[in-house]
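**Student:** File name final.txt; file contents compact mmCIF, C-alpha atoms; full text below.
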```
# COMPACT_ATOMS: atom_id res chain seq x y z
CA MET A 1 -3.04 26.79 3.39
CA PRO A 2 -1.44 28.89 0.61
CA SER A 3 -0.31 27.12 -2.54
CA ILE A 4 3.10 25.50 -2.37
CA PRO A 5 5.72 26.91 -4.77
CA VAL A 6 7.29 24.46 -7.19
CA GLU A 7 10.79 24.46 -8.64
CA ARG A 8 10.58 21.92 -11.44
CA THR A 9 13.46 19.73 -12.47
CA THR A 10 15.31 20.61 -15.64
CA ALA A 11 16.15 16.94 -16.22
CA PRO A 12 12.94 14.88 -15.91
CA ARG A 13 13.35 11.12 -16.07
CA PRO A 14 11.03 8.45 -17.45
CA PRO A 15 9.28 6.30 -14.85
CA PRO A 16 10.70 2.76 -14.57
CA ALA A 17 8.99 -0.24 -16.13
CA GLU A 18 6.42 -1.64 -13.72
CA ALA A 19 7.92 -5.13 -13.92
CA GLU A 20 11.21 -3.73 -12.58
CA LEU A 21 9.92 -1.71 -9.62
CA GLY A 22 10.92 -3.78 -6.59
CA PHE A 23 10.59 -1.81 -3.36
CA GLY A 24 12.26 1.49 -2.55
CA ARG A 25 14.64 1.45 -5.51
CA HIS A 26 13.20 4.24 -7.67
CA PHE A 27 12.28 7.83 -6.78
CA THR A 28 10.25 10.46 -8.60
CA ASP A 29 11.55 13.75 -9.98
CA HIS A 30 10.68 15.97 -7.00
CA VAL A 31 10.60 16.20 -3.20
CA PHE A 32 8.64 18.33 -0.74
CA ARG A 33 10.62 20.25 1.89
CA ALA A 34 9.82 22.38 4.92
CA ASP A 35 12.22 23.75 7.54
CA TRP A 36 11.95 24.63 11.24
CA THR A 37 13.79 27.24 13.28
CA GLU A 38 13.08 28.42 16.82
CA PRO A 39 11.83 31.89 15.89
CA ALA A 40 9.88 30.94 12.76
CA GLY A 41 8.54 27.43 13.42
CA TRP A 42 7.79 25.37 10.30
CA HIS A 43 8.14 27.46 7.15
CA GLY A 44 9.49 27.56 3.61
CA ASP A 45 7.22 24.82 2.25
CA ARG A 46 8.26 24.11 -1.33
CA ILE A 47 8.67 21.40 -3.96
CA LEU A 48 12.17 20.94 -5.31
CA PRO A 49 13.94 18.70 -7.82
CA TYR A 50 15.01 15.39 -6.30
CA GLY A 51 18.72 15.51 -5.55
CA ALA A 52 21.52 15.11 -3.05
CA LEU A 53 21.52 17.09 0.20
CA ALA A 54 24.43 19.24 1.32
CA LEU A 55 25.03 18.44 5.02
CA ASP A 56 27.57 19.90 7.39
CA PRO A 57 29.80 17.17 8.93
CA ALA A 58 28.50 18.28 12.34
CA THR A 59 24.81 17.85 11.37
CA SER A 60 23.21 16.79 14.64
CA ALA A 61 21.14 13.89 13.26
CA LEU A 62 24.36 12.18 12.19
CA HIS A 63 25.70 12.29 15.75
CA TYR A 64 22.70 12.12 18.08
CA GLY A 65 20.05 10.28 16.08
CA GLN A 66 17.23 12.82 15.93
CA SER A 67 15.70 11.24 12.85
CA ILE A 68 12.21 9.85 12.26
CA PHE A 69 10.22 8.75 9.24
CA GLU A 70 6.77 7.64 8.19
CA GLY A 71 5.44 5.45 5.39
CA LEU A 72 2.09 5.50 3.62
CA LYS A 73 0.82 4.55 0.19
CA ALA A 74 -1.03 6.15 -2.71
CA PHE A 75 -3.00 4.15 -5.26
CA PRO A 76 -4.21 4.96 -8.79
CA ARG A 77 -7.65 6.38 -9.51
CA ALA A 78 -9.38 7.32 -12.74
CA GLY A 79 -8.29 10.45 -14.52
CA GLY A 80 -4.68 10.27 -13.36
CA ARG A 81 -5.57 10.96 -9.74
CA ALA A 82 -4.21 9.21 -6.66
CA ALA A 83 -5.86 7.99 -3.46
CA LEU A 84 -4.01 7.96 -0.12
CA PHE A 85 -4.73 5.24 2.45
CA ARG A 86 -5.46 6.70 5.91
CA PRO A 87 -3.21 9.75 5.51
CA ALA A 88 -4.44 11.50 8.68
CA ALA A 89 -3.47 8.51 10.83
CA HIS A 90 0.03 8.48 9.35
CA ALA A 91 0.47 12.24 9.78
CA ALA A 92 -0.65 11.99 13.42
CA ARG A 93 1.83 9.17 14.05
CA PHE A 94 4.61 11.23 12.45
CA ALA A 95 3.85 14.04 14.89
CA ALA A 96 3.82 11.60 17.83
CA SER A 97 7.20 10.19 16.79
CA ALA A 98 8.62 13.72 16.64
CA ARG A 99 7.41 14.54 20.13
CA ARG A 100 8.98 11.36 21.54
CA LEU A 101 12.38 12.33 20.09
CA ALA A 102 12.16 15.94 21.38
CA MET A 103 11.57 17.25 17.84
CA PRO A 104 8.98 19.87 16.83
CA PRO A 105 6.02 18.06 15.25
CA ILE A 106 5.01 19.36 11.86
CA GLU A 107 1.31 20.13 11.73
CA PRO A 108 -0.45 17.11 10.15
CA GLU A 109 -2.37 19.26 7.66
CA ARG A 110 0.84 21.04 6.62
CA LEU A 111 2.54 17.71 5.99
CA LEU A 112 -0.43 16.33 4.05
CA ALA A 113 -0.66 19.49 1.93
CA GLY A 114 2.92 18.82 0.89
CA VAL A 115 2.17 15.17 0.16
CA ARG A 116 -0.83 16.10 -2.00
CA ALA A 117 1.09 18.74 -3.94
CA LEU A 118 3.97 16.34 -4.56
CA LEU A 119 1.66 13.57 -5.76
CA CYS A 120 0.04 15.98 -8.21
CA GLU A 121 3.40 17.19 -9.47
CA ASP A 122 4.72 13.66 -10.09
CA ALA A 123 1.40 12.02 -11.04
CA ALA A 124 2.94 10.46 -14.16
CA TRP A 125 4.98 8.14 -11.93
CA MET A 126 1.94 6.32 -10.56
CA PRO A 127 2.08 2.64 -11.60
CA ALA A 128 -1.15 0.83 -12.51
CA ALA A 129 -0.39 -2.91 -12.35
CA PRO A 130 -1.95 -5.00 -9.55
CA GLY A 131 0.23 -4.98 -6.43
CA THR A 132 1.88 -1.65 -7.29
CA SER A 133 1.51 1.77 -5.70
CA ILE A 134 3.45 4.89 -4.79
CA TYR A 135 5.13 4.63 -1.42
CA VAL A 136 5.18 8.02 0.32
CA ARG A 137 8.12 8.53 2.70
CA PRO A 138 8.16 11.60 4.97
CA VAL A 139 11.39 12.00 6.96
CA MET A 140 12.38 14.57 9.61
CA PHE A 141 15.84 15.15 11.04
CA GLY A 142 17.79 17.65 13.09
CA ASP A 143 20.04 19.59 10.70
CA GLU A 144 21.74 22.05 13.05
CA ALA A 145 25.55 21.80 12.91
CA PHE A 146 26.82 21.40 16.48
CA LEU A 147 28.35 18.93 18.90
CA GLY A 148 26.64 18.61 22.26
CA VAL A 149 23.94 16.38 23.72
CA ARG A 150 20.75 18.41 23.41
CA PRO A 151 17.87 18.69 20.93
CA ALA A 152 18.75 20.45 17.69
CA ARG A 153 17.50 23.98 17.11
CA THR A 154 16.84 23.55 13.38
CA TYR A 155 15.06 20.72 11.53
CA ALA A 156 14.08 19.67 8.02
CA THR A 157 11.12 17.62 6.84
CA LEU A 158 11.29 16.00 3.41
CA VAL A 159 8.77 13.86 1.52
CA LEU A 160 9.96 11.41 -1.14
CA LEU A 161 7.83 9.36 -3.54
CA SER A 162 8.81 5.87 -4.67
CA PRO A 163 6.83 3.77 -7.18
CA VAL A 164 6.89 0.24 -5.75
CA GLY A 165 5.86 -3.33 -6.33
CA GLY A 166 5.78 -6.06 -3.67
CA TYR A 167 7.88 -5.67 -0.51
CA PHE A 168 9.25 -9.22 -0.55
CA ALA A 169 11.03 -10.44 -3.68
CA GLY A 170 9.42 -13.11 -5.81
CA PRO A 171 5.86 -14.46 -5.83
CA PRO A 172 3.86 -14.32 -2.57
CA ARG A 173 4.69 -17.14 -0.15
CA PRO A 174 4.51 -17.76 3.60
CA LEU A 175 7.42 -16.27 5.51
CA ARG A 176 9.96 -18.24 7.51
CA LEU A 177 10.79 -16.48 10.78
CA TRP A 178 13.64 -16.91 13.22
CA VAL A 179 12.55 -16.23 16.81
CA GLU A 180 15.19 -13.89 18.23
CA ARG A 181 15.78 -14.64 21.90
CA ALA A 182 19.24 -13.11 22.49
CA ARG A 183 18.63 -9.54 21.31
CA ALA A 184 15.75 -7.10 21.69
CA ARG A 185 14.38 -4.49 19.32
CA ALA A 186 12.97 -2.21 22.04
CA ALA A 187 12.66 -1.91 25.81
CA ARG A 188 10.01 -0.58 28.15
CA GLY A 189 10.34 3.19 28.51
CA GLY A 190 12.32 3.47 25.27
CA ILE A 191 11.41 4.62 21.77
CA GLY A 192 9.97 1.38 20.39
CA ALA A 193 6.58 2.97 19.67
CA ALA A 194 8.11 5.75 17.53
CA LYS A 195 9.16 5.42 13.90
CA ALA A 196 12.66 6.44 14.85
CA SER A 197 15.52 5.51 12.55
CA ALA A 198 17.32 4.07 15.59
CA ASN A 199 14.62 1.41 16.02
CA TYR A 200 15.38 0.01 12.60
CA VAL A 201 19.15 -0.02 12.86
CA ALA A 202 18.73 -1.96 16.13
CA SER A 203 17.02 -4.72 14.16
CA LEU A 204 19.49 -5.12 11.29
CA LEU A 205 22.10 -7.45 12.76
CA ALA A 206 19.57 -10.02 13.98
CA ALA A 207 17.72 -9.83 10.65
CA GLU A 208 20.93 -10.43 8.69
CA GLU A 209 21.81 -13.40 10.89
CA ALA A 210 18.32 -14.82 10.38
CA LYS A 211 18.66 -14.47 6.61
CA ALA A 212 22.04 -16.23 6.77
CA ARG A 213 20.20 -19.15 8.40
CA GLY A 214 17.72 -19.22 5.51
CA PHE A 215 14.89 -17.26 7.14
CA ASP A 216 13.07 -14.22 5.82
CA GLN A 217 12.87 -12.16 8.99
CA VAL A 218 12.90 -12.13 12.79
CA LEU A 219 10.10 -12.58 15.28
CA TRP A 220 10.96 -10.17 18.10
CA LEU A 221 10.28 -10.95 21.75
CA ASP A 222 10.12 -8.49 24.63
CA GLY A 223 13.37 -7.00 25.95
CA ALA A 224 12.80 -7.86 29.63
CA GLU A 225 12.04 -11.60 29.65
CA ALA A 226 12.48 -12.70 26.02
CA ARG A 227 9.13 -14.41 26.47
CA TRP A 228 6.37 -12.30 24.93
CA LEU A 229 5.73 -11.80 21.20
CA GLU A 230 6.21 -8.23 19.98
CA GLU A 231 6.76 -7.70 16.24
CA VAL A 232 7.62 -9.53 13.01
CA GLY A 233 10.57 -7.70 11.50
CA THR A 234 9.03 -4.33 10.67
CA MET A 235 5.44 -5.59 10.97
CA ASN A 236 2.89 -6.05 13.73
CA VAL A 237 2.14 -9.71 14.49
CA PHE A 238 -1.23 -11.51 14.63
CA VAL A 239 -1.90 -15.07 15.79
CA ARG A 240 -5.07 -17.04 15.11
CA LEU A 241 -5.66 -19.30 18.11
CA GLY A 242 -8.77 -21.44 17.72
CA ASP A 243 -11.60 -19.04 16.89
CA ALA A 244 -9.82 -15.94 18.21
CA LEU A 245 -7.45 -13.51 16.53
CA VAL A 246 -4.84 -12.32 19.03
CA THR A 247 -2.29 -9.51 18.75
CA PRO A 248 0.05 -8.03 21.38
CA PRO A 249 -1.24 -4.85 23.05
CA LEU A 250 0.33 -1.46 22.42
CA GLY A 251 2.42 -0.79 25.47
CA GLY A 252 5.20 1.56 24.40
CA THR A 253 7.51 -0.98 22.77
CA ILE A 254 5.33 -1.80 19.74
CA LEU A 255 4.59 0.52 16.85
CA ALA A 256 0.92 1.49 16.54
CA GLY A 257 0.58 0.19 13.00
CA VAL A 258 -2.05 1.79 10.76
CA THR A 259 -2.51 -1.54 8.95
CA ARG A 260 -2.76 -3.25 12.35
CA ASP A 261 -5.57 -0.88 13.32
CA SER A 262 -7.27 -1.44 9.96
CA VAL A 263 -7.16 -5.23 10.42
CA LEU A 264 -8.68 -4.87 13.89
CA HIS A 265 -11.48 -2.73 12.42
CA LEU A 266 -12.21 -5.24 9.65
CA CYS A 267 -12.22 -8.26 11.95
CA ARG A 268 -14.41 -6.68 14.62
CA ALA A 269 -16.86 -5.42 12.01
CA ARG A 270 -17.11 -8.95 10.61
CA GLY A 271 -17.87 -10.39 14.05
CA LEU A 272 -14.55 -12.16 14.56
CA ARG A 273 -13.40 -12.54 18.14
CA VAL A 274 -10.38 -10.25 18.59
CA GLU A 275 -8.09 -10.04 21.61
CA GLU A 276 -5.34 -7.50 22.27
CA ARG A 277 -3.30 -9.23 24.97
CA PRO A 278 0.19 -10.54 25.67
CA ILE A 279 1.09 -13.77 23.85
CA ALA A 280 3.92 -15.91 25.22
CA LEU A 281 6.15 -17.97 22.95
CA ASP A 282 5.34 -20.95 25.20
CA GLU A 283 1.62 -20.42 24.54
CA LEU A 284 2.29 -20.40 20.82
CA ALA A 285 4.26 -23.66 21.01
CA ALA A 286 1.58 -25.31 23.18
CA ALA A 287 -1.16 -24.26 20.75
CA HIS A 288 0.85 -25.70 17.87
CA ARG A 289 1.16 -29.03 19.69
CA ALA A 290 -2.58 -28.99 20.46
CA GLY A 291 -3.51 -28.18 16.88
CA THR A 292 -5.18 -24.86 17.77
CA LEU A 293 -2.55 -22.59 16.19
CA ARG A 294 -4.30 -21.89 12.90
CA GLU A 295 -2.41 -18.91 11.45
CA VAL A 296 0.35 -16.42 12.11
CA PHE A 297 0.73 -13.30 9.98
CA GLY A 298 2.30 -9.86 9.95
CA THR A 299 0.74 -6.54 8.94
CA GLY A 300 2.35 -3.33 7.75
CA THR A 301 2.13 -0.56 5.18
CA ALA A 302 4.81 -1.99 2.91
CA ALA A 303 3.78 -5.67 2.87
CA VAL A 304 0.06 -5.20 3.83
CA VAL A 305 -0.63 -8.74 5.19
CA SER A 306 2.00 -11.50 5.03
CA ALA A 307 1.31 -15.08 6.13
CA VAL A 308 3.91 -16.94 8.18
CA GLY A 309 4.67 -20.57 7.38
CA GLU A 310 7.34 -21.36 9.97
CA LEU A 311 8.74 -20.08 13.26
CA ALA A 312 11.99 -21.56 14.48
CA TRP A 313 14.47 -21.11 17.32
CA GLU A 314 17.16 -23.19 18.93
CA GLY A 315 15.93 -26.80 19.03
CA GLU A 316 12.36 -26.15 17.90
CA ALA A 317 10.34 -25.29 14.79
CA LEU A 318 6.64 -24.62 14.38
CA ARG A 319 5.46 -25.31 10.84
CA LEU A 320 2.03 -24.16 9.77
CA PRO A 321 -0.01 -25.52 6.85
CA ALA A 322 0.17 -23.56 3.64
CA PRO A 323 -2.55 -20.88 3.71
CA GLY A 324 -5.32 -21.41 1.18
CA PRO A 325 -7.65 -18.81 -0.36
CA ASP A 326 -9.95 -19.04 2.68
CA ALA A 327 -7.16 -18.29 5.20
CA LEU A 328 -7.89 -15.19 7.26
CA ALA A 329 -4.59 -13.55 6.28
CA GLU A 330 -5.40 -13.91 2.59
CA ARG A 331 -8.96 -12.66 3.02
CA LEU A 332 -7.74 -9.62 4.92
CA ARG A 333 -5.05 -8.90 2.34
CA GLN A 334 -7.59 -9.04 -0.47
CA GLU A 335 -10.12 -6.91 1.40
CA LEU A 336 -7.59 -4.22 2.28
CA THR A 337 -6.09 -4.06 -1.20
CA ALA A 338 -9.59 -3.90 -2.75
CA ILE A 339 -10.41 -0.88 -0.57
CA GLN A 340 -7.07 0.73 -1.38
CA ARG A 341 -7.50 0.30 -5.12
CA GLY A 342 -11.13 1.47 -5.15
CA GLU A 343 -12.51 -1.99 -5.96
CA ALA A 344 -14.53 -2.30 -2.73
CA ARG A 345 -16.68 0.07 -0.69
CA ASP A 346 -14.72 2.27 1.68
CA GLU A 347 -16.93 1.90 4.77
CA TRP A 348 -14.71 3.93 7.10
CA GLY A 349 -13.60 6.76 4.82
CA TRP A 350 -10.01 5.53 4.80
CA MET A 351 -9.19 6.71 1.27
CA GLU A 352 -8.50 10.33 0.32
CA VAL A 353 -8.55 11.09 -3.40
CA VAL A 354 -5.92 13.64 -4.49
CA GLY A 355 -5.91 15.71 -7.65
```
What would the structure in this file look like if it were written as structure tokens?
**Tutor:**
Amino acid sequence: MPSIPVERTTAPRPPPAEAELGFGRHFTDHVFRADWTEPAGWHGDRILPYGALALDPATSALHYGQSIFEGLKAFPRAGGRAALFRPAAHAARFAASARRLAMPPIEPERLLAGVRALLCEDAAWMPAAPGTSIYVRPVMFGDEAFLGVRPARTYATLVLLSPVGGYFAGPPRPLRLWVERARARAARGGIGAAKASANYVASLLAAEEAKARGFDQVLWLDGAEARWLEEVGTMNVFVRLGDALVTPPLGGTILAGVTRDSVLHLCRARGLRVEERPIALDELAAAHRAGTLREVFGTGTAAVVSAVGELAWEGEALRLPAPGPDALAERLRQELTAIQRGEARDEWGWMEVVG
């Protein structure tokens, strides 16, 4: 592809101190942008100064929800370069989300060319401390100004960069989850498998209520029977039952997590018995009573691998022993982060060095 033009900021800012990063609170000096119109398709790729958008009050995404996003990470490499974790998988998922919401998918290579150019432009923002990275956030939305229930006829794709630390505040600890049985995040035939903004707003009320009860997040069940495990907050869920690692199958209501897929690769390559099958809450409770529920953990780009220490719902609580250094969740977290940071061999070619 041709080189991407750059309009540099006239007011560059210093990167934040690494100890103050948090997650999603700081943004680099520039963004990538491309636009879509019916006659031209995707065009106008450029890098611009980070700043506010001017939106018409009738912008269609504000009224009809045509908005998707993606999230991937870049890690430091020698010589000021960056390395992206499984960028092609994320770009393909972004395109799949667009198709599900009747939006024109941006070509994966076009999107990744913008990501690479942006990372090179704002390379000075890359943090180096353990547990830090640059979170890459592509977002696409319908920006035609109209009122009427139909797909928009113009769209914008932006890419933001955010230097981040850990997703959850404070030192790492097992999560406490509230099992949500009254509400559902997604339903069969819906948009649960897309990274649509609407999926996340549907989760907020239950998550806030769980936090008010003293929990960290929600364990979502299926929308039809409120019986089958689906996701942990914004993460895919894994359960270690005896000598097997079990995770719900992808069936249209669960996001096809890139970290989920990576964990499945690692575990199968290491000879661990892995099952992708439905898991009922009753099965989880019975395994806990029988002493065969060994671990529960969530996986996702932001948090990588997060152990669960408790699951609770009305009248019942399942408490798991504190995970030690030999716990599968901890071993997987260390193995994935070692690959991401270039400290372990990249057997599957997951890392792409930029710059």
**Student:** Might you pull out every residue within 9 Å of Thr157 of chain A, with only C-alpha atoms counted and same-chain residues fewer than 6 positions away left off, and present them as a list in words?
**Tutor:** Phe32, Arg33, Ala34, Asp35, Trp36, Ile106, Leu111, Pro138, Val139, Met140 and Phe141 of chain A
**Student:** Suppose you want the space between atom CA of Ala285 of chain A and atom CA of Ala193 of chain A; what is it in Å?
**Tutor:**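 Going from atom CA of Ala285 of chain A over to atom CA of Ala193 of chain A, I get 26.8 Å.
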**Student:** What are the closest atom pairs, with distances in Å to one decimal, for each residue of segment 169-218 of chain A lying within 7 Å of segment 310-314 of chain A, using only C-alpha atoms, rows by chain and rising residue number, as a Markdown table?
**Tutor:**
```
| residue | atom | partner | partner_atom | distance |
| --- | --- | --- | --- | --- |
| A:Leu175 | CA | A:Glu310 | CA | 6.8 |
| A:Arg176 | CA | A:Glu310 | CA | 4.8 |
| A:Leu177 | CA | A:Leu311 | CA | 4.8 |
| A:Trp178 | CA | A:Ala312 | CA | 5.1 |
| A:Val179 | CA | A:Trp313 | CA | 5.3 |
```
**Student:** Excluding same-chain residues fewer than 3 positions from segment 321-334 of chain A, what lies within 6 Å of it counting all atoms listed in the file, as a ChimeraX atom specification?
**Tutor:** /A:305,337-338
**Student:** So that I can check the surroundings of Thr132 of chain A, please list as a PDB file with C-alpha atoms, in the frame of the given file every protein, DNA and RNA residue that reaches within 8 Å of it, counting only C-alpha atoms and ignoring chain neighbours fewer than 3 positions away.
**Tutor:**
```
ATOM      1  CA  GLU A  18       6.420  -1.640 -13.720  1.00  0.00           C
ATOM      2  CA  PHE A  75      -3.000   4.150  -5.260  1.00  0.00           C
ATOM      3  CA  PRO A 127       2.080   2.640 -11.600  1.00  0.00           C
ATOM      4  CA  ALA A 128      -1.150   0.830 -12.510  1.00  0.00           C
ATOM      5  CA  ALA A 129      -0.390  -2.910 -12.350  1.00  0.00           C
ATOM      6  CA  PRO A 163       6.830   3.770  -7.180  1.00  0.00           C
ATOM      7  CA  VAL A 164       6.890   0.240  -5.750  1.00  0.00           C
ATOM      8  CA  GLY A 165       5.860  -3.330  -6.330  1.00  0.00           C
ATOM      9  CA  GLY A 166       5.780  -6.060  -3.670  1.00  0.00           C
TER      10      GLY A 166
END
```
**Student:** For Val218 of chain A, which residue out of A:Gly291, A:Pro14, A:Gly192, A:Gly298 is the nearest one, using all atoms listed in the file?
**Tutor:**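 Closest candidate: A:Gly298.
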**Student:** Find, counting only C-alpha atoms, the residue in A:Val308, A:Val6, A:Ala91, A:Ala269 that gets nearest to Pro108 of chain A.
**Tutor:** A:Ala91
**Student:** I'd like the neighbourhood of segment 77-89 of chain A as a PDB file with C-alpha atoms, in the frame of the given file, where a residue qualifies if any of its atoms comes within 8 Å (using all atoms listed in the file), though same-chain residues fewer than 5 positions away should be ignored.
**Tutor:**
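Done, and the output landed in part19.pdb:
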```
ATOM      1  CA  LEU A  72       2.090   5.500   3.620  1.00  0.00           C
ATOM      2  CA  PRO A 108      -0.450  17.110  10.150  1.00  0.00           C
ATOM      3  CA  LEU A 112      -0.430  16.330   4.050  1.00  0.00           C
ATOM      4  CA  LEU A 119       1.660  13.570  -5.760  1.00  0.00           C
ATOM      5  CA  CYS A 120       0.040  15.980  -8.210  1.00  0.00           C
ATOM      6  CA  ALA A 123       1.400  12.020 -11.040  1.00  0.00           C
ATOM      7  CA  ALA A 124       2.940  10.460 -14.160  1.00  0.00           C
ATOM      8  CA  MET A 126       1.940   6.320 -10.560  1.00  0.00           C
ATOM      9  CA  VAL A 258      -2.050   1.790  10.760  1.00  0.00           C
ATOM     10  CA  GLN A 340      -7.070   0.730  -1.380  1.00  0.00           C
ATOM     11  CA  ARG A 341      -7.500   0.300  -5.120  1.00  0.00           C
ATOM     12  CA  GLY A 342     -11.130   1.470  -5.150  1.00  0.00           C
ATOM     13  CA  TRP A 350     -10.010   5.530   4.800  1.00  0.00           C
ATOM     14  CA  MET A 351      -9.190   6.710   1.270  1.00  0.00           C
ATOM     15  CA  GLU A 352      -8.500  10.330   0.320  1.00  0.00           C
ATOM     16  CA  VAL A 353      -8.550  11.090  -3.400  1.00  0.00           C
ATOM     17  CA  VAL A 354      -5.920  13.640  -4.490  1.00  0.00           C
ATOM     18  CA  GLY A 355      -5.910  15.710  -7.650  1.00  0.00           C
TER      19      GLY A 355
END
```
**Student:** What residues have an atom no more than 10 Å from (16.4, 2.5, 13.1) in the file's own frame, counting only C-alpha atoms, and can you write them as a list in words?
**Tutor:**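 Every polymer residue passing the test: Gly65, Ser67, Ile68, Phe69, Arg185, Gly192, Ala194, Lys195, Ala196, Ser197, Ala198, Asn199, Tyr200, Val201, Ala202, Ser203 and Leu204 of chain A.
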**Student:** Using all atoms listed in the file, pick whichever of A:Ala54, A:Leu48, A:Leu221, A:Leu318 has the shortest atom-to-atom distance to Leu293 of chain A.
**Tutor:**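 So, comparing all the options, the nearest one is A:Leu318.
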**Student:** Kindly indicate which residue among A:Leu281, A:Leu336, A:Leu320, A:Ala290 lies nearest to Asp261 of chain A, using only C-alpha atoms for the distances.
**Tutor:** A:Leu336
**Student:** I want to know what sits within 10 Å of segment 143-153 of chain A, based on only C-alpha atoms, with residues of the same chain fewer than 4 positions away left out; could you give that as a PyMOL selection string?
**Tutor:** chain A and resi 35-39+55-67+101-104+157
**Student:** In Å, rounded to a single decimal, give me how far atom CA of Pro49 of chain A is from atom CA of Arg25 of chain A.
**Tutor:** 17.4 Å
**Student:** Find the distance between atom CA of Pro12 of chain A and atom CA of Asp29 of chain A and write it in Å to one decimal.
**Tutor:**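 Value for the atom CA of Pro12 of chain A-atom CA of Asp29 of chain A distance: 6.2 Å.
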